[in-house]
Amino acid sequence: MKIFVISVRLTIVLMVLCSGLYSVVVWGIGRAAFPWRSEGSLVVRNGRVAGSALIGQEFTSPRYFQGRPSAVGYNAAGSGGSNMGPTNPALLARFSDATTSAVLLGDQVTTGTVAFDSVSASGSGLDPDITPANAGQQAARVAKTRGMATEAVQQLIREHTRAPLLGCLGPARVNVLALNLALDSASAPMKSVIGK
Amino acid sequence: MITELTGVLVTIALWLALGAILGRYLASALQSPSERGVPHWSDHLFGPFERVLYRLIGMDAEAPMTWRTYAGWLLASNALMALFVYAGLCSMGQLPLNPDHVPGMEPSLAFNSAASFIANTNLQHYSGESGMSYFGQLFLLMFLQFTSAASGMAVFIAVCRALRNRESANVGNFIGDLVRSIVRVLLPLSLVTAVLLMAAGCPMTFKGAAEYTGIDGTSGRIARGPVAALVAIKHWGTNGGGFFGANSTHPFENPNYLSNMLEVIVPITIPLAAVWAFGYITRRRRVAAAIFSAMAVILFTGAAFAMWQEWRGNISASALGFQQPLGNYEGKEVRFGVMASAWFTAVTTATSCGAVNNMHDSLTPLAGLVPLTNMWVNCVFGGVGVGFINMFLYIVLTVFIAGLMVGRTPEFLGKKIEVREVKLAGLAILAHPALILLPLAITCAVPAWNNSTNPGAHGFTEMLYEYTSAAANNGSGFEGLNDAVGQPWWNISTGLVMLFARYIPIIAPLAIAASLGQKKTVPESVGTFRTDNVLFVILLLGVIGVIGALLFLPVAVLGPIAEFLSQIKGVVR
């Protein structure tokens, strides 16, 4: 019947246009104008890919700033959140456990003072950021572990705190990978002096 | 809090402005040049290319159609596309553009996915980065994202035409409307948006996952792909099906606050523009303003309530002593904040988008009532094109009830509303709660199908939300529900719900409008019930509240309200 023959031709024409031509044009513009971003904003250190500027990764050592809890263990090939409801006992238990972990790591926090994003999981499990308050509560522990002055660490936090968009839209945030890379660079000169 | 609130207010202002501009454009560009009478600049720009397409398709795009013919073309073309995609999904393993070697989909999941995307729902019982190849994302799913959106816009224009008609049975040409929607609206807007998203950081590559070794010793793979192209049409077409499982919470799908503003403005822009376009096409801009007002009241009231509840934070956590100065942070992303997340939740469920920038399963109980309510009434701007025509059903009923109250024959835009129209409207409106409550009841009766991962009332809400989302053609979910691999019941039941819920409310208004279009116009007199004043808006909201929302009060109490009450009583279940 005419309807089905034309529907087949319609399907083919629109598929070539919308899936083929459109994708190629977008890809071409991306390659030309945003080559680094198109490939995933990959951060390279010492010739190896150390992660992405946009994707969170796991930090467990006390010398580094910790990211938020992740329901997928920062598996960047399998994103997801905890999907736990607000009254779920397992969720409330995790809030308490995360506070205890922070204390064990060296942060001076209690249930009443802990930055809430440091005990709550992100929606994607790959949140690259923490709040400035969260960074602030980790500053003393990081400084002590690295033998740096707390003020120097806080200065680094300030430098890596991204202000709200146009100064007035949305929240401020701190990219954990960028901050930790800056920490390593700041610590390195000291290490080379000691090495001599 | 100030910067988060300011961000949302600026977002709303930009949306309203963009919707007004696009409304004017849609009114002209979506009509065929011959019916418009006067040429429009988009004819010069896109006309020649469209004529090439019509020749390739083999169709005369000016040939008139009755509503039956139009609906026939809609169903036939959609069915064929869905079948094609179903076959493709099953055989993804053998198709190209598959660098991460993803296998083909299991049949019930492929059925669910094909049905989901042709129904503009984009309910995803799979996770994009592990369950889809790049070919599948672009040539199967994104293809349906364009065509399903365009199908909705086509029927919208047909309805507007019919409402403007005087004693004519011609509602337009489906192929012409479909092609114009894609070529003049969806493609250009998506292209611009994709470029903006790439500038924000969305990847657009055909390379496979990237291996990395983190500076603290952990190593892994970072999934990426041709993301920007898909995300653009995902939002413009109120589709909502993300490239990644985590949807717009994923940093590659929504990298920063600017991309978030874009992704929350875009899905509700064509639905807003459609209201204004209706006003221009039928030359009844005051009626359009009344319709806009009713939609805006529901949208802003719900959004404000959700933002307030989320900002207050999780009451159960507060009871344990936790301070939440930035609100309920579980399932949220730092770069958006809680206020922009609550606004996104309201917008994505008022429309039929369904993309998420925070995990809805972790919303506070009363905030979770807002997306549910938006989907239950299903007429707050709604999907591209179909949102307006769903509101049209409520308008028919409102006008009918008002006519009963004053003892006059009901009429809308000068046409009498008679038995046939009211019956169709009533049936179409009741289909929606039927498609939610009946499958839900069946599911609750079979323990093996109760796949919630959250205990208590919240688990019930998970199942309620899934059927609500399917019936509203939304596609978001409380993702703690285990509806993924190996769940034929959930795949098949939601698949059928999505299909019925898509095509009944899309064809019924077309039939009603066409019926009105064949009638004579009744001259307006001093006794005519006006559909462009405050009284009408109040009455419309009342009808929506009673018919649309009251039906769901029992399940609202069983789920979200019960959970809230248990929170404040301190009894954690």
# chains A, B, ... in the order shown; residues from 1 in each chain; ligands from 1
>>> select_by_dssp(residues="stretch 6-95 of chain A", states="helix (DSSP H, G or I)", output="number ranges by chain")
A: 6-33, 35-38, 89-95
>>> write_last_selection(atoms="N, CA, C and O atoms", output="short mmCIF file (atom, residue, chain, number, x, y, z; two decimals), in the first residue's frame")
data_model
loop_
_atom_site.label_atom_id
_atom_site.label_comp_id
_atom_site.auth_asym_id
_atom_site.auth_seq_id
_atom_site.Cartn_x
_atom_site.Cartn_y
_atom_site.Cartn_z
N ILE A 6 5.64 4.74 1.18
CA ILE A 6 6.12 6.10 1.46
C ILE A 6 6.69 6.18 2.87
O ILE A 6 7.67 6.90 3.11
N SER A 7 6.12 5.43 3.81
CA SER A 7 6.66 5.45 5.17
C SER A 7 8.07 4.90 5.20
O SER A 7 8.92 5.37 5.97
N VAL A 8 8.33 3.90 4.38
CA VAL A 8 9.69 3.35 4.31
C VAL A 8 10.64 4.42 3.78
O VAL A 8 11.72 4.65 4.33
N ARG A 9 10.24 5.07 2.70
CA ARG A 9 11.09 6.11 2.13
C ARG A 9 11.27 7.25 3.11
O ARG A 9 12.36 7.81 3.27
N LEU A 10 10.19 7.60 3.83
CA LEU A 10 10.25 8.65 4.84
C LEU A 10 11.27 8.29 5.92
O LEU A 10 12.10 9.11 6.33
N THR A 11 11.20 7.04 6.39
CA THR A 11 12.13 6.58 7.43
C THR A 11 13.57 6.72 6.98
O THR A 11 14.42 7.23 7.71
N ILE A 12 13.84 6.26 5.76
CA ILE A 12 15.22 6.31 5.26
C ILE A 12 15.69 7.75 5.12
O ILE A 12 16.79 8.12 5.57
N VAL A 13 14.86 8.59 4.49
CA VAL A 13 15.25 9.98 4.28
C VAL A 13 15.52 10.69 5.61
O VAL A 13 16.54 11.36 5.78
N LEU A 14 14.60 10.53 6.56
CA LEU A 14 14.77 11.23 7.83
C LEU A 14 15.93 10.68 8.64
O LEU A 14 16.61 11.41 9.35
N MET A 15 16.20 9.38 8.51
CA MET A 15 17.32 8.80 9.24
C MET A 15 18.63 9.35 8.71
O MET A 15 19.54 9.70 9.47
N VAL A 16 18.74 9.41 7.39
CA VAL A 16 19.96 9.96 6.80
C VAL A 16 20.14 11.41 7.24
O VAL A 16 21.24 11.85 7.59
N LEU A 17 19.05 12.16 7.26
CA LEU A 17 19.12 13.58 7.61
C LEU A 17 19.40 13.79 9.10
O LEU A 17 20.36 14.48 9.48
N CYS A 18 18.60 13.18 9.94
CA CYS A 18 18.67 13.48 11.37
C CYS A 18 19.79 12.72 12.10
O CYS A 18 20.41 13.26 13.01
N SER A 19 20.00 11.47 11.73
CA SER A 19 21.02 10.71 12.42
C SER A 19 22.36 10.81 11.72
O SER A 19 23.41 10.83 12.37
N GLY A 20 22.33 10.88 10.38
CA GLY A 20 23.59 10.89 9.65
C GLY A 20 24.15 12.30 9.50
O GLY A 20 25.16 12.66 10.11
N LEU A 21 23.46 13.10 8.69
CA LEU A 21 23.97 14.44 8.36
C LEU A 21 24.15 15.31 9.60
O LEU A 21 25.21 15.91 9.82
N TYR A 22 23.13 15.36 10.42
CA TYR A 22 23.17 16.20 11.63
C TYR A 22 24.33 15.79 12.54
O TYR A 22 25.10 16.64 13.01
N SER A 23 24.50 14.48 12.77
CA SER A 23 25.59 14.03 13.65
C SER A 23 26.95 14.41 13.09
O SER A 23 27.84 14.85 13.83
N VAL A 24 27.11 14.21 11.79
CA VAL A 24 28.41 14.51 11.18
C VAL A 24 28.72 15.99 11.29
O VAL A 24 29.87 16.38 11.59
N VAL A 25 27.71 16.83 11.05
CA VAL A 25 27.95 18.28 11.14
C VAL A 25 28.36 18.66 12.57
O VAL A 25 29.32 19.41 12.78
N VAL A 26 27.63 18.14 13.55
CA VAL A 26 27.96 18.46 14.94
C VAL A 26 29.37 17.96 15.27
O VAL A 26 30.19 18.67 15.88
N TRP A 27 29.67 16.75 14.84
CA TRP A 27 31.00 16.18 15.11
C TRP A 27 32.09 17.02 14.45
O TRP A 27 33.14 17.28 15.06
N GLY A 28 31.84 17.45 13.22
CA GLY A 28 32.82 18.27 12.51
C GLY A 28 33.09 19.58 13.23
O GLY A 28 34.25 19.99 13.41
N ILE A 29 32.03 20.24 13.68
CA ILE A 29 32.20 21.50 14.41
C ILE A 29 32.97 21.24 15.70
O ILE A 29 33.85 22.01 16.10
N GLY A 30 32.63 20.14 16.37
CA GLY A 30 33.32 19.82 17.63
C GLY A 30 34.79 19.60 17.43
O GLY A 30 35.64 20.08 18.19
N ARG A 31 35.14 18.86 16.39
CA ARG A 31 36.53 18.56 16.09
C ARG A 31 37.30 19.84 15.77
O ARG A 31 38.47 19.99 16.15
N ALA A 32 36.64 20.75 15.06
CA ALA A 32 37.33 21.97 14.64
C ALA A 32 37.43 22.99 15.77
O ALA A 32 38.48 23.59 15.99
N ALA A 33 36.33 23.17 16.49
CA ALA A 33 36.29 24.28 17.45
C ALA A 33 36.58 23.86 18.89
O ALA A 33 37.06 24.67 19.68
N PRO A 35 38.31 20.72 20.19
CA PRO A 35 38.92 19.38 20.09
C PRO A 35 39.14 18.71 21.44
O PRO A 35 38.88 17.52 21.59
N TRP A 36 39.60 19.47 22.45
CA TRP A 36 39.88 18.85 23.73
C TRP A 36 38.59 18.46 24.44
O TRP A 36 38.47 17.38 25.00
N ARG A 37 37.61 19.34 24.39
CA ARG A 37 36.35 19.07 25.05
C ARG A 37 35.58 17.94 24.36
O ARG A 37 34.93 17.14 25.03
N SER A 38 35.67 17.87 23.03
CA SER A 38 34.95 16.83 22.31
C SER A 38 35.38 15.44 22.71
O SER A 38 34.60 14.50 22.62
N PRO A 89 16.47 3.52 56.04
CA PRO A 89 17.43 3.36 57.14
C PRO A 89 18.87 3.20 56.65
O PRO A 89 19.82 3.66 57.30
N ALA A 90 19.04 2.56 55.49
CA ALA A 90 20.39 2.37 54.97
C ALA A 90 21.03 3.71 54.63
O ALA A 90 22.23 3.91 54.81
N LEU A 91 20.21 4.64 54.14
CA LEU A 91 20.73 5.96 53.81
C LEU A 91 21.17 6.69 55.07
O LEU A 91 22.26 7.26 55.14
N LEU A 92 20.31 6.67 56.07
CA LEU A 92 20.63 7.37 57.31
C LEU A 92 21.86 6.75 57.97
O LEU A 92 22.69 7.47 58.54
N ALA A 93 22.00 5.43 57.86
CA ALA A 93 23.19 4.77 58.40
C ALA A 93 24.43 5.24 57.65
O ALA A 93 25.49 5.45 58.25
N ARG A 94 24.31 5.41 56.34
CA ARG A 94 25.47 5.84 55.57
C ARG A 94 25.89 7.26 55.94
O ARG A 94 27.08 7.57 55.99
N PHE A 95 24.91 8.12 56.22
CA PHE A 95 25.27 9.47 56.67
C PHE A 95 26.18 9.37 57.88
O PHE A 95 27.22 10.03 57.98
#
>>> residues_around(residues="B:Ala79", least_positions_apart="5", cutoff="9 Å", atoms="only C-alpha atoms", output="number ranges by chain")
B: 74, 84, 118
>>> atom_distance(atom1="atom CA of B:Gly559", atom2="atom CA of B:Ser127")
26.5 Å
>>> residues_around(residues="B:Leu366", least_positions_apart="3", cutoff="7 Å", atoms="only C-alpha atoms", output="list of chain:residue names")
B:Gln309, B:Leu369, B:Pro560, B:Ile561, B:Phe564
>>> select_by_dssp(residues="stretch 192-403 of chain B", states="strand (DSSP E or B)", output="PyMOL selection string")
chain B and resi 210-213+219-222
>>> closest_residue(among="B:Gly242, B:Gly337, B:Gly548, B:Pro188", to="chain A", atoms="only C-alpha atoms")
B:Gly337
>>> atom_distance(atom1="atom CA of B:Phe400", atom2="atom CA of B:Ala158")
22.7 Å
>>> closest_residue(among="A:Thr100, A:Gln66, A:Ser120, A:Thr150", to="chain B", atoms="only C-alpha atoms")
A:Ser120
